file query-v9.txt (compact mmCIF, C-alpha atoms)
# COMPACT_ATOMS: atom_id res chain seq x y z
CA MET A 1 18.42 21.35 -8.48
CA LYS A 2 15.59 18.89 -8.32
CA THR A 3 17.93 15.98 -8.93
CA LEU A 4 20.20 17.32 -6.26
CA LYS A 5 17.31 17.44 -3.83
CA LEU A 6 16.28 13.95 -4.81
CA PHE A 7 19.83 12.75 -4.41
CA SER A 8 20.15 14.32 -0.96
CA ALA A 9 16.83 12.78 0.06
CA VAL A 10 17.96 9.37 -1.08
CA VAL A 11 21.26 9.74 0.72
CA LEU A 12 19.38 10.86 3.82
CA VAL A 13 17.11 7.84 3.68
CA PHE A 14 20.09 5.54 3.36
CA ALA A 15 21.88 7.31 6.18
CA LEU A 16 18.83 7.08 8.41
CA SER A 17 18.16 3.46 7.58
CA ALA A 18 21.72 2.62 8.51
CA PHE A 19 20.93 3.61 12.08
CA THR A 20 17.45 2.20 12.26
CA ILE A 21 17.10 -1.11 13.97
CA ASN A 22 14.54 -3.19 12.22
CA THR A 23 12.12 -4.01 15.00
CA SER A 24 9.83 -6.06 12.83
CA ASP A 25 10.35 -9.68 13.81
CA LYS A 26 7.31 -10.85 11.92
CA GLY A 27 7.71 -12.84 8.75
CA TYR A 28 10.68 -13.68 6.62
CA ASN A 29 13.89 -11.86 6.04
CA ILE A 30 16.11 -12.39 3.04
CA GLY A 31 17.81 -15.78 3.37
CA ASP A 32 15.08 -17.37 5.48
CA LYS A 33 13.50 -20.63 4.45
CA ALA A 34 9.91 -20.20 3.28
CA THR A 35 7.19 -22.59 4.29
CA ASP A 36 5.43 -24.77 1.76
CA PHE A 37 1.63 -24.93 1.88
CA SER A 38 -1.33 -26.77 0.50
CA LEU A 39 -3.93 -24.23 -0.64
CA GLU A 40 -6.99 -24.51 -2.81
CA ASN A 41 -6.67 -23.24 -6.35
CA ILE A 42 -9.53 -21.71 -8.36
CA ASP A 43 -9.91 -25.06 -10.17
CA GLY A 44 -10.64 -26.79 -6.85
CA LYS A 45 -7.29 -28.61 -6.71
CA MET A 46 -4.85 -28.21 -3.87
CA VAL A 47 -1.49 -26.68 -4.80
CA SER A 48 1.87 -26.93 -3.00
CA LEU A 49 5.30 -25.66 -3.94
CA SER A 50 6.51 -29.26 -3.76
CA ASP A 51 4.24 -30.09 -6.72
CA TYR A 52 6.63 -28.19 -8.94
CA LYS A 53 9.37 -30.78 -9.31
CA ASP A 54 11.24 -28.94 -12.07
CA ALA A 55 10.98 -25.44 -10.63
CA LYS A 56 14.15 -23.53 -9.81
CA GLY A 57 12.16 -21.21 -7.62
CA PHE A 58 8.92 -19.30 -7.29
CA ILE A 59 7.43 -15.84 -7.58
CA VAL A 60 5.00 -16.01 -4.67
CA THR A 61 2.56 -13.13 -5.04
CA PHE A 62 0.03 -12.12 -2.37
CA THR A 63 -2.72 -10.41 -4.30
CA CYS A 64 -6.50 -10.04 -4.50
CA ASN A 65 -9.38 -8.80 -6.65
CA THR A 66 -10.46 -5.86 -4.57
CA CYS A 67 -7.35 -3.73 -4.05
CA PRO A 68 -6.72 -1.08 -6.73
CA TYR A 69 -2.96 -1.54 -6.41
CA ALA A 70 -3.33 -5.29 -6.92
CA VAL A 71 -5.63 -4.70 -9.89
CA ALA A 72 -3.13 -2.24 -11.38
CA TYR A 73 -0.54 -5.01 -11.30
CA GLU A 74 -2.67 -7.90 -12.64
CA ASP A 75 -1.36 -7.74 -16.20
CA ARG A 76 2.19 -7.40 -14.98
CA ILE A 77 1.83 -10.48 -12.75
CA GLU A 78 0.52 -12.43 -15.71
CA ALA A 79 3.46 -11.18 -17.80
CA LEU A 80 5.89 -12.35 -15.12
CA ASN A 81 4.40 -15.84 -15.26
CA LYS A 82 4.52 -15.90 -19.07
CA LYS A 83 8.14 -14.86 -19.03
CA TYR A 84 9.47 -16.93 -16.14
CA ALA A 85 7.35 -20.08 -15.67
CA SER A 86 9.11 -21.69 -18.64
CA GLN A 87 12.46 -20.67 -17.17
CA GLY A 88 11.67 -22.42 -13.89
CA PHE A 89 10.20 -19.54 -11.87
CA PRO A 90 6.38 -19.80 -11.97
CA VAL A 91 4.12 -17.24 -10.33
CA ILE A 92 2.10 -18.64 -7.43
CA ALA A 93 -0.61 -16.14 -6.48
CA ILE A 94 -2.21 -16.30 -3.05
CA MET A 95 -5.31 -14.35 -1.99
CA PRO A 96 -4.89 -13.68 1.74
CA ASN A 97 -7.97 -11.63 2.68
CA ASN A 98 -10.79 -12.68 4.99
CA ILE A 99 -13.70 -13.03 2.58
CA ASP A 100 -16.23 -12.14 5.28
CA VAL A 101 -14.63 -8.68 5.26
CA LYS A 102 -14.01 -8.65 1.50
CA PRO A 103 -16.73 -10.71 -0.19
CA GLY A 104 -15.35 -9.53 -3.54
CA ASP A 105 -12.38 -11.83 -2.91
CA ASN A 106 -14.37 -15.04 -2.49
CA MET A 107 -13.56 -18.13 -4.53
CA LYS A 108 -16.22 -17.42 -7.10
CA SER A 109 -14.96 -13.86 -7.64
CA MET A 110 -11.40 -15.16 -7.85
CA GLN A 111 -12.47 -17.64 -10.53
CA THR A 112 -14.30 -14.93 -12.47
CA ARG A 113 -11.40 -12.50 -12.30
CA ALA A 114 -8.86 -15.13 -13.33
CA LYS A 115 -11.01 -16.03 -16.32
CA GLU A 116 -11.53 -12.38 -17.32
CA LYS A 117 -7.83 -11.66 -17.15
CA GLY A 118 -6.71 -15.03 -18.52
CA PHE A 119 -4.44 -15.86 -15.59
CA THR A 120 -2.15 -18.74 -16.45
CA PHE A 121 -0.80 -19.07 -12.91
CA PRO A 122 -2.48 -20.75 -9.94
CA TYR A 123 -4.59 -18.35 -7.89
CA LEU A 124 -4.86 -19.85 -4.42
CA MET A 125 -6.87 -18.88 -1.39
CA ASP A 126 -5.22 -18.66 2.02
CA LYS A 127 -8.55 -19.72 3.49
CA ASP A 128 -7.40 -20.17 7.09
CA GLN A 129 -5.15 -17.10 6.83
CA GLU A 130 -2.25 -19.13 8.18
CA ILE A 131 0.24 -18.79 5.36
CA TYR A 132 0.53 -15.02 4.79
CA PRO A 133 1.50 -14.28 8.43
CA GLN A 134 4.35 -16.79 8.19
CA TYR A 135 5.66 -14.98 5.14
CA GLY A 136 5.06 -11.65 6.83
CA ALA A 137 2.91 -10.32 4.02
CA THR A 138 1.05 -7.21 5.16
CA LYS A 139 -0.63 -6.04 2.00
CA THR A 140 -1.63 -6.76 -1.57
CA PRO A 141 0.31 -6.91 -3.77
CA HIS A 142 3.36 -8.22 -1.88
CA ILE A 143 5.95 -10.37 -3.64
CA TYR A 144 8.37 -13.02 -2.37
CA VAL A 145 10.87 -14.49 -4.82
CA LEU A 146 12.03 -17.89 -3.59
CA GLU A 147 14.97 -19.96 -4.78
CA LYS A 148 14.68 -23.71 -4.54
CA THR A 149 17.77 -25.19 -2.91
CA ASN A 150 18.61 -28.60 -1.46
CA ASP A 151 17.87 -27.00 1.85
CA GLY A 152 14.36 -25.78 0.97
CA ASN A 153 12.88 -22.68 -0.65
CA VAL A 154 15.00 -19.71 0.33
CA VAL A 155 13.64 -16.13 0.31
CA ARG A 156 15.74 -14.04 -2.10
CA TYR A 157 13.59 -10.98 -2.72
CA ILE A 158 10.73 -9.26 -0.87
CA GLY A 159 8.68 -6.27 -1.97
CA ALA A 160 7.29 -4.53 -5.01
CA ILE A 161 7.08 -5.75 -8.60
CA ASP A 162 8.53 -2.52 -9.99
CA ASP A 163 8.88 1.17 -9.29
CA ASN A 164 5.61 2.50 -10.76
CA TYR A 165 2.27 1.21 -9.52
CA GLN A 166 0.28 3.58 -11.71
CA ASP A 167 1.74 3.09 -15.14
CA ALA A 168 3.47 -0.02 -16.43
CA LYS A 169 4.88 1.97 -19.34
CA ALA A 170 6.63 4.41 -17.06
CA VAL A 171 8.45 1.75 -15.07
CA LYS A 172 12.18 2.35 -14.76
CA VAL A 173 13.24 -0.49 -12.45
CA LYS A 174 11.70 -3.97 -12.61
CA TYR A 175 12.65 -5.27 -9.18
CA VAL A 176 11.19 -8.76 -9.50
CA GLU A 177 12.54 -9.35 -13.01
CA ASP A 178 15.97 -8.13 -11.96
CA ALA A 179 15.90 -10.50 -8.98
CA VAL A 180 14.83 -13.55 -11.00
CA ASP A 181 17.28 -12.73 -13.81
CA ALA A 182 20.08 -12.55 -11.27
CA LEU A 183 19.09 -15.93 -9.80
CA LEU A 184 18.95 -17.48 -13.27
CA LYS A 185 22.44 -16.19 -14.01
CA GLY A 186 23.75 -17.18 -10.61
CA GLU A 187 24.49 -13.57 -9.76
CA THR A 188 23.85 -11.60 -6.60
CA ILE A 189 20.53 -9.76 -6.42
CA LYS A 190 21.30 -6.05 -6.27
CA VAL A 191 18.04 -4.87 -4.70
CA ALA A 192 16.74 -7.65 -2.48
CA GLU A 193 14.11 -5.66 -0.59
CA THR A 194 11.80 -2.84 -1.59
CA LYS A 195 8.85 -1.06 -0.08
CA ALA A 196 5.53 -1.34 -1.85
CA ILE A 197 2.30 0.50 -1.33
CA GLY A 198 -0.72 -1.72 -0.97
CA CYS A 199 -4.01 -2.50 0.72
CA SER A 200 -3.70 -3.97 4.19
CA ILE A 201 -4.59 -7.66 4.29
CA LYS A 202 -8.09 -7.94 5.72
CA VAL A 203 -8.33 -10.11 8.84
CA MET B 1 -34.33 29.60 -19.22
CA LYS B 2 -34.20 30.06 -15.51
CA GLN B 3 -34.79 26.37 -15.08
CA PHE B 4 -31.95 25.66 -17.43
CA PHE B 5 -29.55 27.66 -15.27
CA LEU B 6 -30.82 25.89 -12.20
CA PHE B 7 -30.22 22.60 -13.96
CA ILE B 8 -26.65 23.60 -14.81
CA LEU B 9 -26.15 24.72 -11.24
CA ILE B 10 -27.39 21.43 -9.85
CA ILE B 11 -25.37 19.16 -12.12
CA GLY B 12 -22.45 21.50 -11.65
CA LEU B 13 -22.59 21.22 -7.87
CA PRO B 14 -20.61 18.03 -7.46
CA PHE B 15 -17.88 19.51 -9.65
CA GLN B 16 -17.79 22.78 -7.82
CA ASP B 17 -14.21 23.29 -6.98
CA VAL B 18 -13.13 21.31 -4.01
CA LYS B 19 -9.58 22.55 -3.80
CA LEU B 20 -7.11 19.74 -3.80
CA GLU B 21 -3.40 20.21 -3.41
CA VAL B 22 -1.44 17.45 -5.09
CA TYR B 23 2.13 16.79 -4.03
CA ASP B 24 4.97 14.50 -4.89
CA TYR B 25 6.96 13.33 -1.87
CA ASP B 26 9.32 16.30 -1.91
CA GLY B 27 6.31 18.59 -1.83
CA LEU B 28 4.61 16.68 0.95
CA GLU B 29 7.68 16.32 3.11
CA PRO B 30 7.52 19.78 4.78
CA LEU B 31 3.98 19.02 5.93
CA LEU B 32 5.31 15.98 7.76
CA HIS B 33 7.91 18.04 9.61
CA GLN B 34 6.28 21.30 10.65
CA LYS B 35 8.20 23.08 13.35
CA ASP B 36 5.44 24.57 15.42
CA ASP B 37 3.74 23.85 18.73
CA LYS B 38 0.89 21.91 17.22
CA VAL B 39 0.22 18.21 17.47
CA HIS B 40 0.05 17.03 13.86
CA VAL B 41 -1.99 13.99 13.02
CA VAL B 42 -1.27 12.80 9.48
CA ASN B 43 -3.42 10.00 8.12
CA PHE B 44 -2.67 8.17 4.86
CA TRP B 45 -5.86 6.93 3.26
CA ALA B 46 -7.80 6.41 0.03
CA THR B 47 -11.48 6.47 -0.83
CA TRP B 48 -11.40 2.82 -1.93
CA CYS B 49 -9.70 1.63 1.27
CA GLY B 50 -12.37 0.10 3.52
CA PRO B 51 -10.60 0.38 6.88
CA CYS B 52 -9.51 3.94 6.00
CA ILE B 53 -13.07 5.06 5.37
CA LYS B 54 -14.16 3.39 8.57
CA GLU B 55 -11.70 5.34 10.70
CA LEU B 56 -11.94 8.64 8.81
CA PRO B 57 -14.82 9.97 10.96
CA TYR B 58 -12.62 9.49 14.05
CA PHE B 59 -9.96 11.72 12.52
CA GLU B 60 -12.62 14.27 11.68
CA ALA B 61 -13.92 14.04 15.23
CA VAL B 62 -10.55 14.58 16.91
CA ASN B 63 -9.81 17.45 14.54
CA GLU B 64 -12.93 19.14 15.85
CA LYS B 65 -12.67 18.05 19.47
CA TYR B 66 -9.03 19.01 20.03
CA LYS B 67 -8.94 22.15 17.94
CA GLU B 68 -8.45 24.27 21.05
CA ASP B 69 -5.57 22.05 22.07
CA GLN B 70 -3.66 22.86 18.88
CA VAL B 71 -4.26 19.51 17.23
CA ASP B 72 -4.15 19.61 13.46
CA VAL B 73 -5.32 16.74 11.26
CA LEU B 74 -4.01 16.27 7.72
CA LEU B 75 -5.57 13.62 5.48
CA VAL B 76 -3.17 12.49 2.76
CA SER B 77 -5.08 10.70 0.00
CA LEU B 78 -3.39 8.04 -2.07
CA ASP B 79 -6.21 7.83 -4.57
CA PHE B 80 -4.95 7.47 -8.13
CA PRO B 81 -4.88 10.79 -10.09
CA SER B 82 -7.55 9.38 -12.42
CA LYS B 83 -9.88 9.24 -9.41
CA TYR B 84 -9.40 12.79 -8.11
CA GLU B 85 -12.43 14.13 -9.97
CA THR B 86 -14.60 11.01 -9.92
CA ALA B 87 -13.99 9.70 -6.41
CA LEU B 88 -11.84 11.86 -4.14
CA LYS B 89 -13.35 15.31 -4.64
CA PRO B 90 -16.92 13.98 -4.55
CA TYR B 91 -16.07 12.15 -1.32
CA ILE B 92 -14.62 15.27 0.29
CA LYS B 93 -17.69 17.19 -0.69
CA LYS B 94 -20.25 14.57 0.25
CA HIS B 95 -18.80 14.05 3.70
CA GLN B 96 -17.92 17.71 4.07
CA LEU B 97 -14.50 16.89 5.43
CA LYS B 98 -13.25 19.63 7.72
CA SER B 99 -9.71 18.37 8.06
CA LYS B 100 -7.29 19.44 5.37
CA VAL B 101 -7.06 16.92 2.54
CA VAL B 102 -4.09 16.73 0.18
CA ALA B 103 -3.19 14.09 -2.39
CA LEU B 104 0.15 12.35 -2.72
CA ASN B 105 0.99 11.45 -6.28
CA ASP B 106 4.44 9.89 -6.38
CA THR B 107 4.95 6.53 -8.02
CA ASP B 108 8.41 5.86 -6.60
CA GLN B 109 6.95 3.94 -3.67
CA ASN B 110 10.22 2.33 -2.67
CA ARG B 111 11.61 5.76 -1.93
CA TRP B 112 8.86 7.57 -0.08
CA ILE B 113 7.39 4.75 2.00
CA ALA B 114 10.72 4.30 3.74
CA ALA B 115 11.21 8.05 3.94
CA ILE B 116 7.89 8.50 5.71
CA ASP B 117 8.77 5.76 8.16
CA GLU B 118 11.34 3.01 7.98
CA ASN B 119 8.92 0.57 9.62
CA TRP B 120 6.03 1.21 7.25
CA SER B 121 5.48 -1.86 5.07
CA GLY B 122 3.35 0.24 2.73
CA ALA B 123 -0.08 -1.00 3.81
CA LEU B 124 -2.97 1.43 4.17
CA PRO B 125 -4.18 2.91 6.42
CA ALA B 126 -1.19 4.43 8.18
CA THR B 127 -0.87 7.39 10.54
CA ILE B 128 1.83 9.65 11.92
CA ILE B 129 1.35 11.74 15.04
CA TYR B 130 4.08 14.26 15.75
CA LYS B 131 4.86 17.39 17.66
CA GLY B 132 8.24 18.99 17.09
CA ASP B 133 10.78 16.19 17.27
CA LYS B 134 8.53 13.71 19.00
CA ARG B 135 6.84 11.43 16.54
CA GLN B 136 5.09 8.11 16.40
CA PHE B 137 4.16 6.00 13.38
CA TYR B 138 1.20 3.60 13.26
CA GLU B 139 0.50 1.02 10.56
CA LYS B 140 -2.94 0.11 11.86
CA SER B 141 -6.60 1.08 12.04
CA PHE B 142 -7.81 3.17 14.95
CA THR B 143 -10.95 3.32 17.03
CA GLN B 144 -11.74 6.85 18.14
CA GLU B 145 -10.78 5.93 21.70
CA GLU B 146 -7.39 4.58 20.61
CA LEU B 147 -6.77 7.66 18.52
CA GLU B 148 -7.58 9.98 21.39
CA THR B 149 -5.36 7.99 23.75
CA GLU B 150 -2.44 8.41 21.36
CA ILE B 151 -3.09 12.11 20.83
CA LYS B 152 -3.22 12.68 24.59
CA GLN B 153 0.32 11.31 24.85
CA PHE B 154 1.37 14.28 22.76
CA LEU B 155 -0.74 16.81 24.61
CA LYS B 156 1.00 16.11 27.90
CA LYS B 157 3.80 18.47 28.60
call {"tool": "encode", "arguments": {"input": "query-v9.txt", "output": "structure tokens"}}
result
Amino acid sequence: MKTLKLFSAVVLVFALSAFTINTSDKGYNIGDKATDFSLENIDGKMVSLSDYKDAKGFIVTFTCNTCPYAVAYEDRIEALNKKYASQGFPVIAIMPNNIDVKPGDNMKSMQTRAKEKGFTFPYLMDKDQEIYPQYGATKTPHIYVLEKTNDGNVVRYIGAIDDNYQDAKAVKVKYVEDAVDALLKGETIKVAETKAIGCSIKV
Amino acid sequence: MKQFFLFILIIGLPFQDVKLEVYDYDGLEPLLHQKDDKVHVVNFWATWCGPCIKELPYFEAVNEKYKEDQVDVLLVSLDFPSKYETALKPYIKKHQLKSKVVALNDTDQNRWIAAIDENWSGALPATIIYKGDKRQFYEKSFTQEELETEIKQFLKK
């Protein structure tokens, strides 16, 4: 009975979404070209997507130190980088918050956190808060999987890392991995957009 | 001995049962679609969410101020279950929240965020105001004035 209820709810959501006009014109949709950037990394160097000559794409991750949802995903973000950087899809993490509002996200705290957790991916600061609005990121964590093409970096997936923010062991669907795997195999991404709970980006 | 009991009573105070109803989305759903004449203000928040905590007193204030006008505030906490005892219940108690507080514990975010509102990106705080079939969704922080302005839209006949 419960599955039936769940099923009806899912069907209802799909049915409703079919008639809902997406009024959000902010940020990228699937298929849009994503902007490159030059942002400061925790090691003081500036990082751009164009630095990655051999990349096939990117897992651009808006995240921070201070949001419990982002913290819950830290190890999983690191695991994504470990698994996919060598296959041509490195994680590029960007901290979008205004550090006057969230001092716990300042460069020093970012450096400390990266060291504690052993991040192997760049952890950049969107200091002028000009990059995240172009992507349309609204919260942390918020993921954009990009595919590098001759025509620029194309947005292929937007949303959550997986379907369980509380418990990595209980995850059933790994949205980001499925998306990157599909790109690596040259297949179509089945779920290109998901909703993710998160902390609003502090402006 | 008497002192000992007093001691127990005092350290026991913060744990004194603040009743907390915990729902998955299917359980919460009816509370988001009550068919009565009240104006329902549903706020999604968490104790760790800075902007949520900032606006929470405004929700408490309107709950009190518009009680006579059949306005009902529901605070839906998204605190993690591990924080119910250590953060959420103590917060409810400390601030003596008058509005009803429930907790949503449902990890399938991709399902329920869209079900609550198609335009919700999933960022906290978020608020729904509804009365019968009329409803409005807000992914934003409120000032008390803004909140009252929105509620008044629903009070008008």
call {"tool": "atom_distance", "arguments": {"input": "query-v9.txt", "atom1": "CA of Met125 in chain A", "atom2": "CA of Thr112 in chain A"}}
result
13.9 Å
call {"tool": "interface_residues", "arguments": {"input": "query-v9.txt", "of": "chain A", "to": "chain B", "cutoff": "7 Å", "atoms": "all atoms listed in the file", "output": "ChimeraX atom specification"}}
result
/A:13,17,138-139,163-166,194-200
call {"tool": "closest_residue", "arguments": {"input": "query-v9.txt", "among": "A:Ser86, A:Gln111, A:Thr66, A:Gln129", "to": "Tyr52 in chain A", "atoms": "only C-alpha atoms"}}
result
A:Ser86
call {"tool": "residues_around", "arguments": {"input": "query-v9.txt", "residues": "range 41-48 of chain A", "least_positions_apart": "3", "cutoff": "6 Å", "atoms": "only C-alpha atoms", "output": "PyMOL selection string"}}
result
chain A and resi 37-38+51+111+123-124
call {"tool": "atom_distance", "arguments": {"input": "query-v9.txt", "atom1": "CA of Ala170 in chain A", "atom2": "CA of Val18 in chain B"}}
result
29.1 Å
call {"tool": "closest_residue", "arguments": {"input": "query-v9.txt", "among": "A:Cys67, A:Met95, A:Val180, A:Ile161", "to": "Glu130 in chain A", "atoms": "all atoms listed in the file"}}
result
A:Met95
call {"tool": "atom_distance", "arguments": {"input": "query-v9.txt", "atom1": "CA of Tyr28 in chain A", "atom2": "CA of Gly136 in chain A"}}
result
6.0 Å
call {"tool": "residues_around", "arguments": {"input": "query-v9.txt", "residues": "Val203 in chain A", "least_positions_apart": "6", "cutoff": "8 Å", "atoms": "only C-alpha atoms", "output": "short mmCIF file (atom, residue, chain, number, x, y, z; two decimals) with C-alpha atoms, in the coordinates of the input"}}
result
data_model
loop_
_atom_site.label_atom_id
_atom_site.label_comp_id
_atom_site.auth_asym_id
_atom_site.auth_seq_id
_atom_site.Cartn_x
_atom_site.Cartn_y
_atom_site.Cartn_z
CA ASN A 97 -7.97 -11.63 2.68
CA ASN A 98 -10.79 -12.68 4.99
CA VAL A 101 -14.63 -8.68 5.26
CA GLN A 129 -5.15 -17.10 6.83
#
call {"tool": "closest_residue", "arguments": {"input": "query-v9.txt", "among": "A:Met110, A:Ala70, A:Val171, A:Ile94", "to": "Ile131 in chain A", "atoms": "only C-alpha atoms"}}
result
A:Ile94
call {"tool": "closest_residue", "arguments": {"input": "query-v9.txt", "among": "B:Thr143, B:Asn43, B:Thr127, B:Gln136", "to": "Ser77 in chain B", "atoms": "all atoms listed in the file"}}
result
B:Asn43
call {"tool": "axis_aligned_box", "arguments": {"input": "query-v9.txt", "around": "range 45-51 of chain B", "padding_each_side": "8 Å", "output": "JSON"}}
result
{"center_x": -9.1, "center_y": 3.5, "center_z": 2.5, "size_x": 22.5, "size_y": 22.8, "size_z": 24.8}
call {"tool": "decode", "arguments": {"input": "query-v9.txt", "residues": "range 80-88 of chain A", "atoms": "all heavy atoms", "output": "compact mmCIF listing (two decimals), in the first residue's frame"}}
result
# COMPACT_ATOMS: atom_id res chain seq x y z
N LEU A 80 34.29 11.37 -5.25
CA LEU A 80 34.01 11.65 -6.66
C LEU A 80 35.30 12.07 -7.37
O LEU A 80 35.59 11.63 -8.48
CB LEU A 80 32.97 12.77 -6.81
CG LEU A 80 31.50 12.42 -6.61
CD1 LEU A 80 30.66 13.68 -6.64
CD2 LEU A 80 31.03 11.43 -7.68
N ASN A 81 36.07 12.94 -6.72
CA ASN A 81 37.31 13.39 -7.34
C ASN A 81 38.29 12.23 -7.51
O ASN A 81 38.93 12.09 -8.55
CB ASN A 81 37.95 14.51 -6.51
CG ASN A 81 39.06 15.20 -7.26
OD1 ASN A 81 38.85 15.67 -8.38
ND2 ASN A 81 40.25 15.24 -6.70
N LYS A 82 38.39 11.40 -6.47
CA LYS A 82 39.31 10.24 -6.53
C LYS A 82 38.93 9.32 -7.69
O LYS A 82 39.79 8.81 -8.38
CB LYS A 82 39.23 9.45 -5.21
CG LYS A 82 40.01 10.11 -4.09
CD LYS A 82 41.00 9.14 -3.44
CE LYS A 82 41.91 9.88 -2.46
NZ LYS A 82 41.15 10.37 -1.27
N LYS A 83 37.63 9.15 -7.85
CA LYS A 83 37.18 8.21 -8.87
C LYS A 83 37.28 8.80 -10.29
O LYS A 83 37.63 8.08 -11.22
CB LYS A 83 35.74 7.80 -8.57
CG LYS A 83 35.18 6.77 -9.54
CD LYS A 83 33.85 6.19 -9.07
CE LYS A 83 33.33 5.16 -10.05
NZ LYS A 83 31.97 4.70 -9.69
N TYR A 84 36.95 10.09 -10.42
CA TYR A 84 36.77 10.62 -11.78
C TYR A 84 37.85 11.57 -12.29
O TYR A 84 37.92 11.81 -13.50
CB TYR A 84 35.39 11.29 -11.89
CG TYR A 84 34.28 10.28 -11.85
CD1 TYR A 84 33.44 10.19 -10.75
CD2 TYR A 84 34.07 9.41 -12.92
CE1 TYR A 84 32.42 9.25 -10.70
CE2 TYR A 84 33.06 8.47 -12.89
CZ TYR A 84 32.23 8.39 -11.78
OH TYR A 84 31.24 7.46 -11.74
N ALA A 85 38.70 12.13 -11.42
CA ALA A 85 39.73 13.05 -11.90
C ALA A 85 40.64 12.33 -12.91
O ALA A 85 40.94 12.86 -13.99
CB ALA A 85 40.55 13.60 -10.74
N SER A 86 41.00 11.08 -12.57
CA SER A 86 41.88 10.32 -13.46
C SER A 86 41.19 9.93 -14.76
O SER A 86 41.84 9.63 -15.75
CB SER A 86 42.38 9.07 -12.73
OG SER A 86 41.27 8.30 -12.34
N GLN A 87 39.86 9.94 -14.73
CA GLN A 87 39.12 9.59 -15.96
C GLN A 87 38.76 10.84 -16.76
O GLN A 87 38.01 10.77 -17.73
CB GLN A 87 37.84 8.83 -15.60
CG GLN A 87 38.11 7.49 -14.89
CD GLN A 87 36.83 6.70 -14.71
OE1 GLN A 87 36.19 6.31 -15.69
NE2 GLN A 87 36.44 6.48 -13.47
N GLY A 88 39.25 12.01 -16.30
CA GLY A 88 39.03 13.22 -17.08
C GLY A 88 37.93 14.13 -16.56
O GLY A 88 37.60 15.14 -17.19
